[in-house]
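Below is run-v6.pdb, holding PDB, C-alpha atoms.
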```
ATOM      1  CA  MET A 228     116.063  83.082  31.426
ATOM      2  CA  ALA A 229     115.210  81.348  28.136
ATOM      3  CA  GLU A 230     118.096  79.676  26.336
ATOM      4  CA  PRO A 231     119.133  81.586  23.189
ATOM      5  CA  THR A 232     118.107  79.887  19.961
ATOM      6  CA  LEU A 233     118.832  80.195  16.254
ATOM      7  CA  THR A 234     115.665  79.899  14.169
ATOM      8  CA  VAL A 235     115.807  79.140  10.453
ATOM      9  CA  THR A 236     113.203  78.142   7.871
ATOM     10  CA  VAL A 237     113.732  74.882   6.018
ATOM     11  CA  ALA A 238     111.637  74.349   2.889
ATOM     12  CA  TYR A 239     110.986  70.716   2.004
ATOM     13  CA  ALA A 240     108.614  69.774  -0.838
ATOM     14  CA  SER A 241     105.841  72.371  -0.481
ATOM     15  CA  VAL A 242     106.133  72.702   3.319
ATOM     16  CA  LYS A 243     108.123  75.294   5.249
ATOM     17  CA  HIS A 244     109.435  74.153   8.625
ATOM     18  CA  SER A 245     110.511  76.600  11.306
ATOM     19  CA  VAL A 246     113.536  75.018  13.005
ATOM     20  CA  ALA A 247     114.734  76.421  16.345
ATOM     21  CA  LEU A 248     118.149  75.216  17.494
ATOM     22  CA  PRO A 249     119.657  75.860  20.947
ATOM     23  CA  ALA A 250     122.476  78.391  20.563
ATOM     24  CA  PRO A 251     124.071  78.883  23.991
ATOM     25  CA  ALA A 252     127.010  81.277  24.212
ATOM     26  CA  GLY A 253     130.220  79.607  23.094
ATOM     27  CA  ALA A 254     128.433  76.643  21.515
ATOM     28  CA  GLU A 255     127.118  77.622  18.107
ATOM     29  CA  PRO A 256     124.842  75.055  16.437
ATOM     30  CA  LEU A 257     126.479  72.814  13.843
ATOM     31  CA  LEU A 258     125.139  71.731  10.470
ATOM     32  CA  ARG A 259     124.708  68.265  12.055
ATOM     33  CA  ASP A 260     122.354  69.746  14.706
ATOM     34  CA  LEU A 261     120.209  71.246  11.959
ATOM     35  CA  ALA A 262     120.215  68.059   9.859
ATOM     36  CA  GLU A 263     119.212  65.914  12.860
ATOM     37  CA  GLU A 264     116.360  68.260  13.773
ATOM     38  CA  VAL A 265     115.186  68.343  10.143
ATOM     39  CA  ALA A 266     115.303  64.514  10.088
ATOM     40  CA  ARG A 267     113.105  64.448  13.196
ATOM     41  CA  MET A 268     110.600  66.897  11.675
ATOM     42  CA  THR A 269     110.430  65.519   8.134
ATOM     43  CA  GLY A 270     111.361  61.842   8.424
ATOM     44  CA  VAL A 271     114.154  62.291   5.857
ATOM     45  CA  PRO A 272     117.320  60.672   7.314
ATOM     46  CA  VAL A 273     120.452  62.825   7.571
ATOM     47  CA  SER A 274     122.282  60.653   5.002
ATOM     48  CA  SER A 275     119.524  61.297   2.433
ATOM     49  CA  GLN A 276     119.319  65.077   2.962
ATOM     50  CA  LYS A 277     120.742  67.708   0.653
ATOM     51  CA  LEU A 278     120.626  71.100   2.390
ATOM     52  CA  ILE A 279     121.010  74.111   0.111
ATOM     53  CA  PHE A 280     121.644  77.685   1.258
ATOM     54  CA  LYS A 281     122.032  80.550  -1.248
ATOM     55  CA  GLY A 282     122.547  78.031  -4.064
ATOM     56  CA  LYS A 283     125.317  76.148  -2.258
ATOM     57  CA  SER A 284     125.050  72.602  -0.954
ATOM     58  CA  LEU A 285     126.014  72.377   2.750
ATOM     59  CA  LYS A 286     128.071  69.249   3.416
ATOM     60  CA  GLU A 287     130.532  69.640   6.303
ATOM     61  CA  MET A 288     128.434  68.313   9.187
ATOM     62  CA  ASP A 289     130.857  69.383  11.941
ATOM     63  CA  GLN A 290     131.057  73.022  10.761
ATOM     64  CA  THR A 291     128.992  75.674  12.520
ATOM     65  CA  LEU A 292     125.999  77.104  10.685
ATOM     66  CA  ALA A 293     127.568  80.546  11.126
ATOM     67  CA  SER A 294     130.585  79.417   9.068
ATOM     68  CA  PHE A 295     128.214  78.966   6.089
ATOM     69  CA  GLY A 296     126.762  82.425   6.708
ATOM     70  CA  VAL A 297     123.497  81.025   8.125
ATOM     71  CA  LYS A 298     121.971  83.587  10.490
ATOM     72  CA  GLU A 299     118.698  84.062  12.360
ATOM     73  CA  GLY A 300     115.763  83.851   9.949
ATOM     74  CA  ALA A 301     117.821  82.296   7.118
ATOM     75  CA  LYS A 302     115.942  80.254   4.499
ATOM     76  CA  ILE A 303     117.343  76.843   3.589
ATOM     77  CA  MET A 304     116.042  74.391   1.032
ATOM     78  CA  MET A 305     116.145  70.639   1.591
ATOM     79  CA  ILE A 306     115.952  67.895  -1.024
ATOM     80  CA  GLY A 307     115.700  64.291   0.115
ATOM     81  CA  LYS A 308     113.744  61.087   0.244
ATOM     82  CA  ARG A 309     112.057  59.544   3.265
ATOM     83  CA  ASN A 310     112.803  55.940   4.126
ATOM     84  CA  SER A 311     110.106  53.381   3.420
ATOM     85  CA  PRO A 312     107.936  52.393   6.448
ATOM     86  CA  GLU A 313     109.603  48.952   6.269
ATOM     87  CA  GLU A 314     113.083  50.456   6.644
ATOM     88  CA  GLU A 315     111.889  52.787   9.406
ATOM     89  CA  ALA A 316     110.701  49.701  11.315
ATOM     90  CA  GLU A 317     114.157  48.109  10.961
ATOM     91  CA  LEU A 318     115.853  51.365  12.019
ATOM     92  CA  LYS A 319     113.666  51.470  15.120
ATOM     93  CA  LYS A 320     114.775  47.932  16.011
ATOM     94  CA  LEU A 321     118.409  48.972  15.553
ATOM     95  CA  LYS A 322     117.912  52.085  17.710
ATOM     96  CA  ASP A 323     116.503  49.874  20.496
ATOM     97  CA  ILE A 324     119.530  47.574  20.135
ATOM     98  CA  GLU A 325     121.812  50.645  20.271
ATOM     99  CA  LYS A 326     120.276  51.661  23.627
ATOM    100  CA  SER A 327     120.918  48.167  24.968
ATOM    101  CA  VAL A 328     124.547  48.328  23.741
ATOM    102  CA  GLU A 329     125.054  51.733  25.427
ATOM    103  CA  GLN A 330     123.594  50.525  28.751
ATOM    104  CA  THR A 331     125.760  47.371  28.779
ATOM    105  CA  ALA A 332     128.864  49.388  27.775
ATOM    106  CA  LYS A 333     128.257  51.753  30.742
ATOM    107  CA  LYS A 334     128.119  48.752  33.114
ATOM    108  CA  LEU A 335     131.378  47.501  31.627
ATOM    109  CA  ASP A 336     133.072  50.894  32.084
ATOM    110  CA  LYS A 337     131.965  50.813  35.737
ATOM    111  CA  VAL A 338     133.604  47.402  36.203
ATOM    112  CA  ASP A 339     136.760  48.707  34.511
ATOM    113  CA  GLY A 340     136.850  51.665  36.913
ATOM    114  CA  GLU A 341     136.339  49.420  39.957
ATOM    115  CA  LEU A 342     139.126  47.095  38.793
ATOM    116  CA  THR A 343     141.491  50.075  38.508
ATOM    117  CA  GLY A 344     140.498  51.047  42.062
ATOM    118  CA  LEU A 345     141.279  47.552  43.332
ATOM    119  CA  LYS A 346     144.650  47.556  41.588
ATOM    120  CA  ASN A 347     145.413  50.873  43.286
ATOM    121  CA  GLY A 348     144.677  49.304  46.672
ATOM    122  CA  PHE A 349     141.337  50.992  47.425
ATOM    123  CA  LEU A 350     140.162  47.864  49.263
ATOM    124  CA  ALA A 351     141.650  45.806  52.097
ATOM    125  CA  LYS A 352     143.784  42.936  50.756
ATOM    126  CA  ASP A 353     141.646  40.215  52.414
ATOM    127  CA  LEU A 354     138.514  41.510  50.630
ATOM    128  CA  GLN A 355     140.070  41.848  47.189
ATOM    129  CA  ALA A 356     139.722  38.232  45.984
ATOM    130  CA  GLU A 357     135.972  38.190  46.670
ATOM    131  CA  ALA A 358     135.535  41.605  45.001
ATOM    132  CA  LEU A 359     137.508  40.427  41.944
ATOM    133  CA  ASN A 360     135.355  37.299  41.593
ATOM    134  CA  LYS A 361     132.225  39.483  41.662
ATOM    135  CA  LEU A 362     133.712  41.780  38.995
ATOM    136  CA  ASP A 363     134.537  38.721  36.904
ATOM    137  CA  GLN A 364     130.899  37.588  37.064
ATOM    138  CA  ARG A 365     129.743  41.053  35.961
ATOM    139  CA  VAL A 366     132.159  41.073  33.003
ATOM    140  CA  LYS A 367     130.981  37.608  31.944
ATOM    141  CA  GLY A 368     127.374  38.851  32.193
ATOM    142  CA  ALA A 369     128.183  41.849  29.969
ATOM    143  CA  ALA A 370     130.001  39.631  27.427
ATOM    144  CA  GLU A 371     126.979  37.301  27.342
ATOM    145  CA  GLN A 372     124.691  40.268  26.729
ATOM    146  CA  PHE A 373     126.909  41.512  23.885
ATOM    147  CA  MET A 374     126.913  38.031  22.290
ATOM    148  CA  LYS A 375     123.098  37.947  22.438
ATOM    149  CA  ILE A 376     122.988  41.384  20.758
ATOM    150  CA  LEU A 377     125.303  40.143  17.979
ATOM    151  CA  GLU A 378     123.037  37.117  17.446
ATOM    152  CA  GLN A 379     119.996  39.427  17.336
ATOM    153  CA  MET A 380     121.624  41.580  14.636
ATOM    154  CA  ASP A 381     122.852  38.528  12.759
ATOM    155  CA  ALA A 382     119.241  37.372  12.478
ATOM    156  CA  MET A 383     118.245  40.677  10.823
ATOM    157  CA  SER A 384     118.140  40.319   7.054
ATOM    158  CA  LEU A 385     118.301  43.782   5.468
ATOM    159  CA  PRO A 386     117.680  44.306   1.725
ATOM    160  CA  GLU A 387     120.420  46.023  -0.319
ATOM    161  CA  ASN A 388     118.352  49.215  -0.691
ATOM    162  CA  PHE A 389     118.019  49.692   3.112
ATOM    163  CA  SER A 390     121.298  51.668   3.093
ATOM    164  CA  ASP A 391     120.647  53.573   6.356
ATOM    165  CA  SER A 392     119.775  50.395   8.238
ATOM    166  CA  ARG A 393     122.739  48.496   6.804
ATOM    167  CA  MET A 394     125.114  51.332   7.777
ATOM    168  CA  LYS A 395     123.640  51.508  11.296
ATOM    169  CA  LYS A 396     123.895  47.725  11.715
ATOM    170  CA  LYS A 397     127.526  47.709  10.516
ATOM    171  CA  GLY A 398     128.437  50.485  12.993
ATOM    172  CA  LEU A 399     126.710  48.678  15.874
ATOM    173  CA  ILE A 400     128.458  45.375  15.106
ATOM    174  CA  LYS A 401     131.802  47.216  15.195
ATOM    175  CA  THR A 402     130.907  48.838  18.550
ATOM    176  CA  VAL A 403     129.881  45.487  20.064
ATOM    177  CA  GLN A 404     133.112  43.845  18.841
ATOM    178  CA  THR A 405     135.117  46.645  20.501
ATOM    179  CA  CYS A 406     133.160  46.095  23.738
ATOM    180  CA  LEU A 407     133.807  42.329  23.596
ATOM    181  CA  ALA A 408     137.539  43.051  23.219
ATOM    182  CA  GLN A 409     137.226  45.296  26.307
ATOM    183  CA  CYS A 410     135.562  42.371  28.178
ATOM    184  CA  ASP A 411     138.548  40.154  27.301
ATOM    185  CA  ARG A 412     140.995  42.838  28.448
ATOM    186  CA  ILE A 413     139.179  43.334  31.786
ATOM    187  CA  GLU A 414     138.943  39.558  32.377
ATOM    188  CA  ALA A 415     142.681  39.241  31.741
ATOM    189  CA  GLY A 416     143.298  42.109  34.211
ATOM    190  CA  ILE A 417     141.129  40.398  36.857
ATOM    191  CA  SER A 418     142.945  37.038  36.406
ATOM    192  CA  GLU A 419     146.318  38.779  36.598
ATOM    193  CA  HIS A 420     145.421  40.631  39.813
ATOM    194  CA  LEU A 421     143.937  37.467  41.380
ATOM    195  CA  ALA A 422     147.144  35.570  40.598
ATOM    196  CA  LYS A 423     149.196  38.344  42.259
ATOM    197  CA  ILE A 424     147.058  38.220  45.413
ATOM    198  CA  GLN A 425     147.251  34.410  45.568
ATOM    199  CA  SER A 426     151.033  34.351  45.106
ATOM    200  CA  LYS A 427     151.388  36.987  47.862
ATOM    201  CA  ASN A 428     149.160  34.928  50.181
ATOM    202  CA  LEU A 429     151.227  31.816  49.482
ATOM    203  CA  ALA A 430     154.423  33.750  50.186
ATOM    204  CA  LEU A 431     152.977  34.961  53.506
ATOM    205  CA  ALA A 432     151.878  31.418  54.360
ATOM    206  CA  ASP A 433     155.451  30.207  53.835
TER     207      ASP A 433
END
```

Output the file's structure as structure tokens, nothing else.
Amino acid sequence: MAEPTLTVTVAYASVKHSVALPAPAGAEPLLRDLAEEVARMTGVPVSSQKLIFKGKSLKEMDQTLASFGVKEGAKIMMIGKRNSPEEEAELKKLKDIEKSVEQTAKKLDKVDGELTGLKNGFLAKDLQAEALNKLDQRVKGAAEQFMKILEQMDAMSLPENFSDSRMKKKGLIKTVQTCLAQCDRIEAGISEHLAKIQSKNLALAD
């Protein structure tokens, strides 16, 4: 059975775009969903869009379209400016970097989960030290990757008027810094658990 959709018409410049948004039961499309789809179709970034319905400017991105009275077949007008090809090229670079950040962050979360498992005794005591050393290597690898990403972004010189790119870069730097703090926290947890195992082994040896 086809997924239910909400279809609206968005007029931009002299072109009318038919925009179909998935509208499964219990998950009504948000203004953000519409804005992102319009950005994909027109090349006008969400931050540069002004969406107008029945003379009112729609601003609350996390509100449902229904809350603004937008129904099937509604006509919405959009005013906005596309980014220059130069800024689009920089945004593409930042989107590629974002993918790399997400992939490395997933690997880090996996290590975090495995460390929690080790702390909860999900592995025989005699195997734990080796497993912890391997986790430590993986964390160091992730931290190295994050540092390389920071260097890559640091090398990007964005003009003042590239507001979308500058905002994206700022957000990514913040995300990477949070991930690096997570690396430090996991490394500290690994060292702490290794020290516990070693002190227990020494106690047993005595």

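Take CA of Leu292 (chain A) and CA of Ile279 (chain A): the distance between them is 12.1 Å.
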
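Using all atoms listed in the file, the shortest contact distance between Ala238 (chain A) and any of A:Met304, A:Val328, A:Leu359, A:Leu342 is found at A:Met304.
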
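If you look at CA of Lys367 (chain A) and CA of Gly416 (chain A), they are 13.3 Å away from each other.
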
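Closest approach to Ala408 (chain A) from the set A:Ala370, A:Ser426, A:Leu345, A:Glu378 is made by A:Ala370, with distances taken over all atoms listed in the file.
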
Exercise for review: Carefully work through the PyMOL selection byres ((chain A and resi 305) around 12) for this structure and note down the residues it includes, as JSON, numbers by chain.
Suggested key: {"A": [236, 237, 238, 239, 240, 241, 242, 243, 244, 261, 262, 265, 266, 269, 271, 272, 273, 275, 276, 277, 278, 279, 280, 281, 282, 283, 284, 285, 302, 303, 304, 306, 307, 308, 309]}

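CA of Ser245 (chain A) lies 19.9 Å from CA of Met288 (chain A).
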
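Using all atoms listed in the file, the smallest distance between any of A:Thr331, A:Thr232, A:Asn310, A:Ser384 and Val366 (chain A) comes from A:Thr331.
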
Practice item. For region 248-252 of chain A, list every protein, DNA or RNA residue within 7 Å, evaluated using only C-alpha atoms, and leave out those in the same chain fewer than 2 positions away; present the list as a ChimeraX atom specification. Key: /A:230-234,246,254-256

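Evaluated against the shown file, the PyMOL selection byres ((chain A and resi 315) around 12) gives A:Gly270, A:Val271, A:Pro272, A:Arg309, A:Asn310, A:Ser311, A:Pro312, A:Glu313, A:Glu314, A:Ala316, A:Glu317, A:Leu318, A:Lys319, A:Lys320, A:Leu321, A:Lys322, A:Leu385, A:Phe389, A:Ser390, A:Asp391, A:Ser392, A:Arg393, A:Lys395.
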
Exercise for review: Might you pull out every residue within 6 Å of Leu257 (chain A), with all atoms listed in the file counted and same-chain residues fewer than 4 positions away left off, and present them as a list in words?
Suggested key: Asp289, Gln290, Thr291 and Leu292 of chain A

Practice item. Quick one: apply the PyMOL selection byres ((chain A and resi 406) around 9) to the file and drop the selected residues here as a ChimeraX atom specification. Key: /A:328,332,335,370,373,401-405,407-411

Revision key, fill the gap. Across A:Glu263, A:Leu421, A:Leu258, A:Asn360, the smallest distance to Ala293 (chain A), with all atoms listed in the file counted, is shown by A:Leu258

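Minimum distance to Lys298 (chain A) across A:Leu350, A:Val338, A:Val235, A:Ile417 (counting all atoms listed in the file) occurs at A:Val235.
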
Could you put an axis-aligned box around every listed atom of region 309-326 of chain A, padded by 6 Å on each side, and send me its centre and edge lengths in Å to one decimal, as AutoDock Vina command-line options?
```
--center_x 114.9 --center_y 53.6 --center_z 13.4 --size_x 25.9 --size_y 24.0 --size_z 32.4
```
